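The next block holds one structure in the form of structure tokens; read it before the comments.
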There are 2 protein chains.
Amino acid sequence: MAIFSSRSEYGVRLMVELGRQEAERPVSLKAISEAENLPLAYLEQVVALLRKADLVKSARGAHGGYWLARPADQITMDEVVAALDGAVAPMECFAPTGGDDRILCSHKADDGTGCSTKMLWTRVQGGVISSLKRTTLAELVEFSRRNTREPSTVAA
Amino acid sequence: MAIFSSRSEYGVRLMVELGRQEAERPVSLKAISEAENLPLAYLEQVVALLRKADLVKSARGAHGGYWLARPADQITMDEVVAALDGAVAPMECFAPTGGDDRILCSHKADDGTGCSTKMLWTRVQGGVISSLKRTTLAELVEFSRRNTREPSTVAA
DNA sequence: GTTATCCCGACCGCAGTGGTAGGATTTAGA
DNA sequence: TCTAAATCCTACCACTGCGGTCGGGATAAC
């Protein structure tokens, strides 16, 4: 089964593309959609999620576009994925409760026995989150730069 | 977003329930469905996946039922989850290729740049799999026994 | 005013999921 | 030998979310 939707894939690619450009210099979605060969109309929806999560900033009008809200080395991938696919939970019954980072499993709330499976899902969740938290956007940008011969879509 | 479907939840609960019984003694699905309050007809589909993966054995007819194919401490949860939800992959484009445990990302095969996101998904996948591999069914059974039969010893 | 761009909401086909229905087959036991 | 209990199998269904499109509105540069 797939852990993340391709919204996440698209969103991460988009963020990497923004990270390759100079800060504060707006990049149009059209440029990104052509560089990464992704459907523009769908990217609009994806980038809207990133904007709501304060990960990117935008400018409207001609010569507008998007840029990173923070330096790439201060953006961890758990934020990005959370913005796109929601809070990472191994099961639907793992719902974040308010401001705490507590989780509860609704299945066994009635008979009070407590999930024996909860331990497992908690471990898995921990594995995913720690993997995401220790990866910064800057790392991906660096990786992307190394693997592309040309500085790609700059200029324009 | 949810990593696993509730098929996995049901299947793990089922496995734990089997692990609580003596080995080789068949347990009927009906008993499990009543104990765990899960729909019997759906459990039949779930347990069929576990049987195909050689994780449980079965006996038909009156007084038939299911039991673990191996001792619980020799069953790791990555096997169980794989049987229920398929191979764990962070993205759809991570497909197991034949007998190898190689993975490939189809998105960037054409322009040859290689996924910058691939590094991220590989890390996540590693986090999930290692969490699953280091958890045995025996641990969950033990956890379940402590939390249901002995309310007095519950601490913390 | 034109053009480029962000922004927004509605819509759609598809696949997968959780779940049901109904029966066929096998076996233990009266 | 009959019956009840159980596995097994196949088809079906409603719902949801996802990937994606479309049309249009707002806004800013030139």
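Going by the structure tokens order, chains are called A, B, ..., each with residues numbered from 1, while ligands are numbered from 1 in the order shown.
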
Could the residues of chain C within 10 Å of chain B, counting only C-alpha atoms (C1' of nucleotides), be given as a list in words, please? DT17, DG18, DG19, DT20, DA21, DT25, DT26, DT27, DA28 and DG29 of chain C

Cut-off 8 Å: closest chain B/chain A atom pairs per residue, using only C-alpha atoms, as a Markdown table:
```
| residue | atom | partner | partner_atom | distance |
| --- | --- | --- | --- | --- |
| B:Met1 | CA | A:Val88 | CA | 5.3 |
| B:Ala2 | CA | A:Met91 | CA | 4.9 |
| B:Ile3 | CA | A:Pro90 | CA | 4.5 |
| B:Phe4 | CA | A:Pro90 | CA | 5.7 |
| B:Ser5 | CA | A:Met91 | CA | 6.7 |
| B:Ser6 | CA | A:Met91 | CA | 7.1 |
| B:Glu9 | CA | A:Thr117 | CA | 7.2 |
| B:Val12 | CA | A:Thr117 | CA | 6.8 |
| B:Arg13 | CA | A:Thr117 | CA | 6.7 |
| B:Val16 | CA | A:Ser116 | CA | 7.9 |
| B:Asp85 | CA | A:Met1 | CA | 5.6 |
| B:Gly86 | CA | A:Met1 | CA | 5.4 |
| B:Ala87 | CA | A:Met1 | CA | 6.0 |
| B:Val88 | CA | A:Met1 | CA | 5.3 |
| B:Ala89 | CA | A:Ala2 | CA | 5.0 |
| B:Pro90 | CA | A:Ile3 | CA | 4.5 |
| B:Met91 | CA | A:Ala2 | CA | 4.9 |
| B:Glu92 | CA | A:Ala2 | CA | 5.6 |
| B:Thr113 | CA | A:Thr148 | CA | 5.7 |
| B:Gly114 | CA | A:Asn147 | CA | 6.9 |
| B:Cys115 | CA | A:Ser144 | CA | 7.7 |
| B:Ser116 | CA | A:Ser144 | CA | 5.0 |
| B:Thr117 | CA | A:Arg13 | CA | 6.7 |
| B:Met119 | CA | A:Leu140 | CA | 7.6 |
| B:Leu120 | CA | A:Thr135 | CA | 7.2 |
| B:Arg123 | CA | A:Ser131 | CA | 5.9 |
| B:Val124 | CA | A:Ser131 | CA | 5.3 |
| B:Gln125 | CA | A:Val128 | CA | 7.7 |
| B:Gly127 | CA | A:Gly127 | CA | 4.5 |
| B:Val128 | CA | A:Val124 | CA | 5.4 |
| B:Ser130 | CA | A:Gly127 | CA | 7.8 |
| B:Ser131 | CA | A:Val124 | CA | 5.3 |
| B:Leu132 | CA | A:Val124 | CA | 6.7 |
| B:Thr135 | CA | A:Leu120 | CA | 7.2 |
| B:Leu140 | CA | A:Ser116 | CA | 5.8 |
| B:Val141 | CA | A:Ser116 | CA | 7.4 |
| B:Phe143 | CA | A:Ser116 | CA | 6.0 |
| B:Ser144 | CA | A:Ser116 | CA | 4.9 |
| B:Asn147 | CA | A:Thr113 | CA | 6.2 |
| B:Thr148 | CA | A:Thr113 | CA | 5.5 |
```

Given the selection you just returned, output its residues as a file containing N, CA, C and O atoms, formatted as a short mmCIF file (atom, residue, chain, number, x, y, z; two decimals), in the first residue's frame.
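Result file is selection05.cif:
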```cif
data_model
loop_
_atom_site.label_atom_id
_atom_site.label_comp_id
_atom_site.auth_asym_id
_atom_site.auth_seq_id
_atom_site.Cartn_x
_atom_site.Cartn_y
_atom_site.Cartn_z
N MET B 1 -3.06 11.62 7.06
CA MET B 1 -3.52 10.48 6.25
C MET B 1 -3.21 9.18 6.96
O MET B 1 -2.30 9.09 7.78
N ALA B 2 -3.95 8.19 6.62
CA ALA B 2 -3.77 6.89 7.28
C ALA B 2 -2.79 6.05 6.49
O ALA B 2 -2.83 6.02 5.25
N ILE B 3 -1.88 5.41 7.18
CA ILE B 3 -0.90 4.57 6.51
C ILE B 3 -1.50 3.22 6.15
O ILE B 3 -1.36 2.75 5.04
N PHE B 4 -2.20 2.63 7.11
CA PHE B 4 -2.76 1.30 6.89
C PHE B 4 -4.29 1.35 6.88
O PHE B 4 -4.90 2.21 7.51
N SER B 5 -4.87 0.42 6.17
CA SER B 5 -6.33 0.31 6.15
C SER B 5 -6.80 -0.42 7.40
O SER B 5 -6.00 -0.97 8.15
N SER B 6 -8.09 -0.44 7.59
CA SER B 6 -8.56 -1.16 8.77
C SER B 6 -8.52 -2.66 8.54
O SER B 6 -8.66 -3.41 9.49
N GLU B 9 -5.77 -3.38 10.72
CA GLU B 9 -6.20 -3.36 12.12
C GLU B 9 -6.92 -4.67 12.46
O GLU B 9 -6.59 -5.32 13.46
N VAL B 12 -4.52 -7.72 12.44
CA VAL B 12 -3.61 -7.78 13.57
C VAL B 12 -4.37 -8.20 14.82
O VAL B 12 -3.90 -9.06 15.59
N ARG B 13 -5.54 -7.63 15.01
CA ARG B 13 -6.36 -8.03 16.16
C ARG B 13 -6.65 -9.53 16.13
O ARG B 13 -6.57 -10.23 17.14
N VAL B 16 -3.56 -11.44 17.06
CA VAL B 16 -3.33 -11.38 18.50
C VAL B 16 -4.25 -12.35 19.22
O VAL B 16 -3.84 -13.08 20.13
N ASP B 85 -2.18 -5.53 3.51
CA ASP B 85 -2.23 -4.28 2.75
C ASP B 85 -1.26 -4.26 1.58
O ASP B 85 -1.12 -3.25 0.91
N GLY B 86 -0.55 -5.36 1.37
CA GLY B 86 0.43 -5.39 0.30
C GLY B 86 1.76 -4.82 0.75
O GLY B 86 1.90 -4.35 1.88
N ALA B 87 2.73 -4.86 -0.13
CA ALA B 87 4.07 -4.38 0.20
C ALA B 87 4.01 -2.90 0.56
O ALA B 87 3.32 -2.12 -0.09
N VAL B 88 4.73 -2.56 1.61
CA VAL B 88 4.72 -1.18 2.07
C VAL B 88 5.60 -0.34 1.16
O VAL B 88 6.79 -0.60 1.00
N ALA B 89 4.98 0.65 0.53
CA ALA B 89 5.69 1.56 -0.35
C ALA B 89 5.21 2.96 -0.07
O ALA B 89 4.01 3.19 0.06
N PRO B 90 6.11 3.92 0.02
CA PRO B 90 5.69 5.27 0.33
C PRO B 90 4.88 5.90 -0.80
O PRO B 90 4.02 6.72 -0.56
N MET B 91 5.16 5.48 -2.05
CA MET B 91 4.43 6.04 -3.19
C MET B 91 4.04 4.91 -4.13
O MET B 91 4.65 3.85 -4.11
N GLU B 92 3.08 5.17 -4.97
CA GLU B 92 2.67 4.14 -5.92
C GLU B 92 3.80 3.78 -6.87
O GLU B 92 3.91 2.65 -7.32
N THR B 113 16.80 12.40 -14.69
CA THR B 113 17.39 13.19 -13.62
C THR B 113 17.40 12.44 -12.30
O THR B 113 18.23 12.68 -11.45
N GLY B 114 16.47 11.53 -12.13
CA GLY B 114 16.38 10.81 -10.86
C GLY B 114 15.60 11.64 -9.86
O GLY B 114 15.75 12.85 -9.77
N CYS B 115 14.74 10.96 -9.11
CA CYS B 115 13.90 11.66 -8.16
C CYS B 115 14.72 12.31 -7.07
O CYS B 115 15.53 11.65 -6.43
N SER B 116 14.53 13.59 -6.86
CA SER B 116 15.09 14.15 -5.65
C SER B 116 14.22 13.72 -4.47
O SER B 116 14.69 13.63 -3.34
N THR B 117 12.97 13.43 -4.75
CA THR B 117 12.08 12.99 -3.68
C THR B 117 12.32 11.53 -3.30
O THR B 117 11.92 11.11 -2.23
N MET B 119 14.89 10.03 -2.36
CA MET B 119 15.65 9.91 -1.12
C MET B 119 14.73 10.00 0.09
O MET B 119 14.83 9.22 1.03
N LEU B 120 13.80 10.95 0.01
CA LEU B 120 12.87 11.12 1.12
C LEU B 120 12.01 9.88 1.32
O LEU B 120 11.92 9.34 2.43
N ARG B 123 13.78 6.93 2.80
CA ARG B 123 13.96 7.04 4.25
C ARG B 123 12.70 6.67 5.01
O ARG B 123 12.73 5.96 6.00
N VAL B 124 11.57 7.19 4.53
CA VAL B 124 10.31 6.91 5.20
C VAL B 124 10.00 5.42 5.16
O VAL B 124 9.64 4.81 6.18
N GLN B 125 10.18 4.85 4.00
CA GLN B 125 9.93 3.43 3.87
C GLN B 125 10.79 2.63 4.85
O GLN B 125 10.32 1.71 5.51
N GLY B 127 11.92 3.66 7.66
CA GLY B 127 11.40 3.87 9.01
C GLY B 127 10.22 2.97 9.31
O GLY B 127 10.13 2.37 10.38
N VAL B 128 9.34 2.84 8.35
CA VAL B 128 8.15 2.01 8.55
C VAL B 128 8.55 0.54 8.67
O VAL B 128 8.15 -0.16 9.61
N SER B 130 11.36 -0.90 9.36
CA SER B 130 12.13 -1.29 10.54
C SER B 130 11.23 -1.33 11.78
O SER B 130 11.39 -2.19 12.64
N SER B 131 10.25 -0.41 11.83
CA SER B 131 9.33 -0.45 12.96
C SER B 131 8.53 -1.75 12.96
O SER B 131 8.28 -2.34 14.01
N LEU B 132 8.12 -2.16 11.77
CA LEU B 132 7.31 -3.37 11.68
C LEU B 132 8.14 -4.63 11.94
O LEU B 132 7.68 -5.56 12.59
N THR B 135 8.91 -5.60 15.61
CA THR B 135 7.79 -5.92 16.50
C THR B 135 7.28 -7.31 16.16
O THR B 135 6.89 -7.57 15.03
N LEU B 140 2.84 -8.24 21.02
CA LEU B 140 1.48 -7.73 21.05
C LEU B 140 0.58 -8.62 21.90
O LEU B 140 -0.28 -8.13 22.63
N VAL B 141 0.81 -9.93 21.82
CA VAL B 141 0.02 -10.85 22.63
C VAL B 141 0.28 -10.59 24.10
O VAL B 141 -0.66 -10.50 24.91
N PHE B 143 1.32 -7.83 25.45
CA PHE B 143 0.71 -6.55 25.77
C PHE B 143 -0.79 -6.71 25.98
O PHE B 143 -1.37 -6.16 26.93
N SER B 144 -1.40 -7.48 25.12
CA SER B 144 -2.85 -7.70 25.22
C SER B 144 -3.20 -8.44 26.51
O SER B 144 -4.19 -8.12 27.18
N ASN B 147 -3.13 -6.11 29.49
CA ASN B 147 -4.13 -5.05 29.57
C ASN B 147 -5.56 -5.55 29.70
O ASN B 147 -6.45 -4.74 29.95
N THR B 148 -5.80 -6.84 29.54
CA THR B 148 -7.18 -7.30 29.63
C THR B 148 -7.44 -8.11 30.88
O THR B 148 -8.45 -7.96 31.53
#
```

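Near chain B, within 7 Å and counting only C-alpha atoms (C1' of nucleotides), the residues of chain D are DA5, DA6 and DT7 of chain D.
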
Write out as an mmCIF file with N, CA, C and O atoms, in the first residue's frame the residues lying within 10 Å of Asp54 (chain A), counting only C-alpha atoms (C1' of nucleotides) and excluding same-chain residues fewer than 2 positions away.
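Saved the output as result.cif:
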```cif
data_model
loop_
_atom_site.group_PDB
_atom_site.id
_atom_site.type_symbol
_atom_site.label_atom_id
_atom_site.label_comp_id
_atom_site.auth_asym_id
_atom_site.auth_seq_id
_atom_site.Cartn_x
_atom_site.Cartn_y
_atom_site.Cartn_z
ATOM 1 N N ALA A 48 -1.854 25.568 -3.122
ATOM 2 C CA ALA A 48 -2.766 26.248 -2.203
ATOM 3 C C ALA A 48 -2.639 25.672 -0.795
ATOM 4 O O ALA A 48 -2.691 26.416 0.201
ATOM 5 N N LEU A 49 -2.440 24.371 -0.706
ATOM 6 C CA LEU A 49 -2.274 23.739 0.598
ATOM 7 C C LEU A 49 -0.983 24.201 1.260
ATOM 8 O O LEU A 49 -0.941 24.438 2.475
ATOM 9 N N LEU A 50 0.056 24.333 0.458
ATOM 10 C CA LEU A 50 1.340 24.766 1.000
ATOM 11 C C LEU A 50 1.268 26.213 1.475
ATOM 12 O O LEU A 50 1.889 26.588 2.465
ATOM 13 N N ARG A 51 0.500 26.987 0.736
ATOM 14 C CA ARG A 51 0.371 28.389 1.121
ATOM 15 C C ARG A 51 -0.409 28.520 2.436
ATOM 16 O O ARG A 51 -0.044 29.279 3.325
ATOM 17 N N LYS A 52 -1.481 27.752 2.556
ATOM 18 C CA LYS A 52 -2.270 27.787 3.798
ATOM 19 C C LYS A 52 -1.428 27.359 4.993
ATOM 20 O O LYS A 52 -1.690 27.766 6.120
ATOM 21 N N VAL A 56 4.908 28.453 1.753
ATOM 22 C CA VAL A 56 5.294 29.289 0.620
ATOM 23 C C VAL A 56 4.537 30.613 0.698
ATOM 24 O O VAL A 56 3.488 30.699 1.331
ATOM 25 N N LYS A 57 5.101 31.613 0.054
ATOM 26 C CA LYS A 57 4.414 32.888 -0.075
ATOM 27 C C LYS A 57 4.147 33.136 -1.551
ATOM 28 O O LYS A 57 4.753 32.499 -2.409
ATOM 29 N N LEU A 68 9.684 30.343 -1.261
ATOM 30 C CA LEU A 68 9.674 29.719 0.057
ATOM 31 C C LEU A 68 9.468 30.768 1.141
ATOM 32 O O LEU A 68 10.042 31.850 1.076
ATOM 33 N N ALA A 69 8.669 30.447 2.111
ATOM 34 C CA ALA A 69 8.414 31.363 3.208
ATOM 35 C C ALA A 69 9.593 31.438 4.166
ATOM 36 O O ALA A 69 9.756 32.419 4.882
ATOM 37 N N ARG A 70 10.421 30.405 4.160
ATOM 38 C CA ARG A 70 11.597 30.341 5.030
ATOM 39 C C ARG A 70 12.750 29.741 4.251
ATOM 40 O O ARG A 70 12.526 29.079 3.232
ATOM 41 N N GLU A 79 6.573 18.891 7.983
ATOM 42 C CA GLU A 79 5.655 20.009 7.771
ATOM 43 C C GLU A 79 5.032 19.941 6.398
ATOM 44 O O GLU A 79 3.830 20.174 6.224
ATOM 45 N N VAL A 80 5.873 19.675 5.424
ATOM 46 C CA VAL A 80 5.401 19.659 4.043
ATOM 47 C C VAL A 80 4.358 18.564 3.845
ATOM 48 O O VAL A 80 3.265 18.792 3.306
ATOM 49 N N ALA A 83 1.078 19.259 5.504
ATOM 50 C CA ALA A 83 0.256 20.233 4.783
ATOM 51 C C ALA A 83 -0.490 19.584 3.627
ATOM 52 O O ALA A 83 -1.612 19.972 3.308
#
```

Expressed in Å to a single decimal, how great is the separation between C1' of DC9 (chain D) and C1' of DA24 (chain C)?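 For C1' of DC9 (chain D) relative to C1' of DA24 (chain C), the distance reads 7.8 Å.
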